[in-house]
Structure formats: structure tokens, C-alpha cells
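**Student:** Before I ask anything, let me first share the structure, which is written out below as C-alpha cells.
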There are 2 protein chains.
Amino acid sequence: MQVIRTIKNMQTLSKALRSEKKTIGFVPTMGALHEGHLSLVRRSKNENDATVVSIFINPTQFGPKEDFKQYPKDEKGDLNKLSGLNVDAVFIPEADEMYHDGFNTTINIGHIGEILCGASRHGHFNGVATVVEKLFNIVMPDKTYFGQKDFQQTVVIKKLVKDLNFNIDIIVCPTVRETDWLAMSSRNSYLNNEERKAATILYKALKQGEALLGRGADDVSDVRRGMKALIKSEPLAEIEYIEVVEPRTLQGIEKIKKPVVICLAVKIGKTRLIDNLVVE
Amino acid sequence: MQVIRTIKNMQTLSKALRSEKKTIGFVPTMGALHEGHLSLVRRSKNENDATVVSIFINPTQFGPKEDFKQYPKDEKGDLNKLSGLNVDAVFIPEADEMYHDGFNTTINIGHIGEILCGASRHGHFNGVATVVEKLFNIVMPDKTYFGQKDFQQTVVIKKLVKDLNFNIDIIVCPTVRETDWLAMSSRNSYLNNEERKAATILYKALKQGEALLGRGADDVSDVRRGMKALIKSEPLAEIEYIEVVEPRTLQGIEKIKKPVVICLAVKIGKTRLIDNLVVE
């Protein structure tokens, strides 16, 4: 497994792979890898001749009051896991390799990046779109893999690819969950024992929403009210949003017309967690 | 010569060329081709296995009061010229092929797009950056050719390529001029006979600026004053700007330190013309 730290070396490898007519699968990550990331890597290994994983905690997608500085890092552990999966190359640039002095080009993804998580995380999705665009040009993949846990991110990336005509397939893989159904996330490591137990309320609320829809609720406000009541029963939880949206556009709906996605963001103590459930 | 009108077909051809290990040279244009464009095509033919020319009058780089609707069109004449040069493919998409319903992703190139021509043409260079980014992803070139006449555009594109890590060489080719030294431009067709004669004042002013620098003028305001006086002697000319800038950053300078670029925009009647001269 090659560990590559410069853009130039990564592009050289990708060009070499392409000239050998090898397909490239790509898994962009911020490191602190868990089973969710590894499921993406395994899928890429199955579907491509070569698999590249990037590890880069992208500063431009964090707000000034967010957890950029605390974000968990475990380079050694990550490399061990990826080496165990026979990944071909890991791209780990420093921030000043990705953002040279004088860098100031940004991609504005429009409305879709300003709703849901974007409403509180201003500029977050433009930062995501910009770094993913750069990584696409550096890694030159045929297919790129994202987890469904970050549902809005997958819609933003699909829009980026469509609007800017990238010739890259975006593959969205199922959310991987702990045995108590908490969605895996590098940020779960912020939770203490008590918070960790309380965090199960997110998935319970999603299942409650699904059940209400299954029982024929056709008004989103009823679904939201039921979910809200459940989450409020957990004293450590503070709701940021609960929304029911159309999966492709993320537009909020009032009357249910499946398929829909139930999305939520909830703070457990100081840790902001997100999850979602597609209801067909 | 293939004439291609859809993004999908263009990407299919480019992928086929790349899989045959052929290098692709690309000349993006807005059509109404003149000898300036053709010089770029000849250079591309010399340096690449295959040459693709695009013809697309990009609506997003025109302001609401600009000449989008009048911009000269001559598809038949253009195709004849390109066929005569044995171009491999011409990509001529319609506007709704390039900008599908719901498109709203834009690239913001920052300060460098807001000075000089960008000061009066708000959003112009973001429109240029966005369409060039799309064309890069559609044509997938190794090398792309631009004329020096649009000097600021070449700097913007180089910044786009650097900031977003495109693996593409940007080749800037000398401005091609008429026998009386007027820089070739599709917009010269707007000029009536009297205006056409008056338009030679742009290059005369640039040479005046160069001469003042050659005589040891080290203060930009002296150079600007001399050029301004000359242009004002032409009654049909109205100065938009005269600037002396550092070639890489386009930053205005006060004290001369070569190399510099003298840039100007001048209206001749209702027609806005630009030109520039690099002084080493």
C-alpha cells in the first residue's frame, strides 16, 4: 500500500493506473476510520481494479465554532486498517498542500447546501464541494463511494457531478450501525458513557417516524410531532432539526408522498449527531 | 471532422481517445472564428494527437446589458474553417445542454476576477471559470489553448487550474493582429468604417506606454497620463481603464518593476475593445 502525501505524486499514480486501463475506485474520508468507512473500501475493492482512500480533515468545511481542532485523528490506526484491506494507495495531504498560499477559489453549490445541516453549518457544503472537486481532479476516479449516513452530502456531491459534468459515478452505500443501531460516526468518540446510551434516541426517533408513516400518517407535522415528543423524553438530547424531505432535491414536504427521507440532527450533550432513514 | 452536440457524446469520444493513449488538445471558443482562434488550433494540432474545438456562446459570462444576443454567429463558416484545419472534433452544445434545468453551481474565482475587466463586467470571470471547468470535465484535455488578447482570462484560468488541481497545461498564444495592428476580435465586426479606423488607437496607446517605459519612466501615473492623452485625441474613443499590472497576479503597481503588462479597455462608439502588451 502506497502512502502518498503530495498532489503531484497522487496525480502521477492515477495517470499511471489510467494508462494501464485500470479503473480507480475512490473513498474520500476525514480519517478516524470505522466500520462505515471500511464498508465503502470493501465495495470499492470489489468494483474497481485499484482503490484509493484519502484521509484529509478539510478545514474549509468546519465553521469557526465547530470541532475542527478536536476532530479525532488516528493516522497509524487508519493505515493499519487500510493496509489490512489491501488498499492500493492512501492519499494523506497536509492542509497547506491542499490549500496553497493565495488559494481562494470556491464552489457555490446553491440552495441545496443551505438547508437542513447547511442552515446551521454556514458554508459547510460549499467547503465539501470544493474539496471533493479538488480530490476528484487529483485522484481521477471512475467511481467514488459515500455513506448514506451523510445523506445531504451525497445529494450535494451528485449535484456537483451533474452540474459540473464530472464523468464519475457516485455510489451511496448503506449506513453501518452499532449493535444498538446508533449510526457509526467518528464523532461518536466524543460521547461519554451516559451520552452514548442517550444517543440511541436518534434511531429510535427515525423508527418512530417510519412507524407513523406506516400507520398512514400523511401529514408531516404529525410525524414530526411524534418524533419530537420521543426525543424530548431523553434529557441529554436537544433537537436541531427533524425534517421529512424528497430524496433527490431535499425539498421539505407537507403531505407525504413516498419515497421520503426522514432526516434529523440532534445534540447529545455537546456532540452534534445526524442520522436519516429512507422510507420507500 | 466530427460535429458533436451532446455532452455524453463528447465524453464518449474523449474517453475513447484517452483509452487509445492519444493526447487531446482543446481550444474553447465562442465561435465567429478569426485568425487568432485558428492560430490556437494550429498550435494544438502541432502539439497533440487529437484536437477538439468548442463553440459555445456562454450566457453566464455576459451581463444583462451586454451583447449576448448580438454576439456574432457563423456556424457554417466556423465549421468550414475548422474542417480545413483537420480538427478532429467540434463540440457545439446548445445552452440547455450545458445548463440543464435546476443548474445552479458556480465557481467563485475571487479577487482576481473582480478587477480590471471584472470591475465593470460583474460576474463575468466567475461565468468564464464555471463554463471552462465544465468544458474541462467534458473534453478532458491534456493541453488547452487561449489567446493572450484576453490576458486577464488567461490568468483566471491558470488560477482555476492551480486552485482546483486540474491536471491540464494552459498554453497562452500571442495575440494575432490585423495589418494595422488592431488585435483580432470577433467583436471587431461591430465597428463601422470610421470606428474601425479609430480602433487602431488601442495598440498605438500600448506602444506609447511601452515607449515611455523604455525611456525610463518609473512611475505608472506618468505612463497612464501619456496613454490617456493619446487616446483622448481620438474623438470616438472612451477609456474604461488603463492599468499597468504584475503579470502573474494582475495587481496594480505604482513604481515600475518589469515584467509588467499594460492593459486597457476602450469603447469605440458602442463597442468595448480590450488589448494588452507585456513589457519585459
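In the C-alpha cells, chains take the letters A, B, ... in the order shown, each chain's residues start at 1, and ligands count up from 1 in the order shown.
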Applying 8 Å and only C-alpha atoms, which residues near segment 170-187 of chain A remain after dropping the ones on its own chain fewer than 6 positions away? List them as a list of chain:residue names.
**Tutor:**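 Near segment 170-187 of chain A, the qualifying residues are A:Ala32, A:Leu33, A:His34, A:Glu35, A:Gly36, A:Ser39, A:Leu40, A:Tyr71, A:Pro72, A:Lys143, A:Thr144, A:Tyr145, A:Phe146, A:Gly147, A:Gln148, A:Lys149, A:Thr154, A:Ile157, A:Lys158, A:Ala199, A:Thr200, A:Leu202, A:Tyr203, A:Thr271, A:Leu273, A:Asp275.
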**Student:** Please report as CSV every residue of chain B lying within 8 Å of chain A, along with the nearest atom pair and their distance in Å (one decimal), using only C-alpha atoms.
**Tutor:**
residue,atom,partner,partner_atom,distance
B:Gln11,CA,A:Asn167,CA,7.6
B:Ser19,CA,A:Lys21,CA,7.0
B:Lys21,CA,A:Ser19,CA,7.0
B:Tyr99,CA,A:Asp163,CA,7.6
B:His100,CA,A:Asp163,CA,7.8
B:Phe103,CA,A:Asp163,CA,5.8
B:Asn104,CA,A:Gly110,CA,6.0
B:Thr105,CA,A:Ile109,CA,4.6
B:Thr106,CA,A:Asn108,CA,5.2
B:Ile107,CA,A:Ile107,CA,4.6
B:Asn108,CA,A:Thr106,CA,5.2
B:Ile109,CA,A:Thr105,CA,4.6
B:Gly110,CA,A:Asn104,CA,5.9
B:Thr130,CA,A:Leu164,CA,7.8
B:Glu133,CA,A:Leu164,CA,6.9
B:Lys134,CA,A:Leu164,CA,4.9
B:Asn137,CA,A:Phe166,CA,5.4
B:Ile138,CA,A:Asn165,CA,6.3
B:Leu160,CA,A:Thr105,CA,7.0
B:Asp163,CA,A:Phe103,CA,5.8
B:Leu164,CA,A:Lys134,CA,4.9
B:Asn165,CA,A:Lys134,CA,5.7
B:Phe166,CA,A:Asn137,CA,5.4
B:Asn167,CA,A:Asn137,CA,7.0
**Student:** Go ahead and write the residues just picked, C-alpha atoms, as a PDB file, in the first residue's frame.
**Tutor:**
ATOM      1  CA  GLN B  11     -17.251  12.476 -23.182  1.00  0.00           C
ATOM      2  CA  SER B  19      -8.004   4.818 -23.950  1.00  0.00           C
ATOM      3  CA  LYS B  21      -3.421   6.866 -25.329  1.00  0.00           C
ATOM      4  CA  TYR B  99     -27.141  24.353 -18.303  1.00  0.00           C
ATOM      5  CA  HIS B 100     -29.850  21.823 -17.513  1.00  0.00           C
ATOM      6  CA  PHE B 103     -28.363  24.015 -12.683  1.00  0.00           C
ATOM      7  CA  ASN B 104     -27.058  26.438 -10.079  1.00  0.00           C
ATOM      8  CA  THR B 105     -23.480  25.550  -9.152  1.00  0.00           C
ATOM      9  CA  THR B 106     -20.980  28.351  -9.666  1.00  0.00           C
ATOM     10  CA  ILE B 107     -17.278  28.792  -9.231  1.00  0.00           C
ATOM     11  CA  ASN B 108     -16.113  31.924  -7.490  1.00  0.00           C
ATOM     12  CA  ILE B 109     -12.591  32.767  -8.588  1.00  0.00           C
ATOM     13  CA  GLY B 110     -12.189  35.557  -6.018  1.00  0.00           C
ATOM     14  CA  THR B 130     -17.615  27.832 -14.425  1.00  0.00           C
ATOM     15  CA  GLU B 133     -14.462  23.952 -15.623  1.00  0.00           C
ATOM     16  CA  LYS B 134     -17.428  22.195 -17.251  1.00  0.00           C
ATOM     17  CA  ASN B 137     -14.667  17.793 -17.499  1.00  0.00           C
ATOM     18  CA  ILE B 138     -16.436  17.202 -20.800  1.00  0.00           C
ATOM     19  CA  LEU B 160      -8.661  27.878 -11.663  1.00  0.00           C
ATOM     20  CA  ASP B 163      -6.585  26.083  -7.119  1.00  0.00           C
ATOM     21  CA  LEU B 164      -8.747  23.143  -8.219  1.00  0.00           C
ATOM     22  CA  ASN B 165      -5.831  20.875  -9.233  1.00  0.00           C
ATOM     23  CA  PHE B 166      -6.744  20.242 -12.855  1.00  0.00           C
ATOM     24  CA  ASN B 167      -4.042  18.175 -14.493  1.00  0.00           C
TER      25      ASN B 167
END
**Student:** Compile the contact shell of Gln2 of chain B as a ChimeraX atom specification: residues with an atom at most 12 Å away, counting only C-alpha atoms, same-chain residues fewer than 6 positions apart removed.
**Tutor:** /B:9-10,13,50-54,79,82-83,86-92
**Student:** Apply DSSP to the backbone of this structure and, from segment 28-247 of chain A, keep only the residues in strand (DSSP E); write these as a PyMOL selection string.
**Tutor:** chain A and resi 28-29+50-55+89-91+106-108+143-147+169-173+237-245
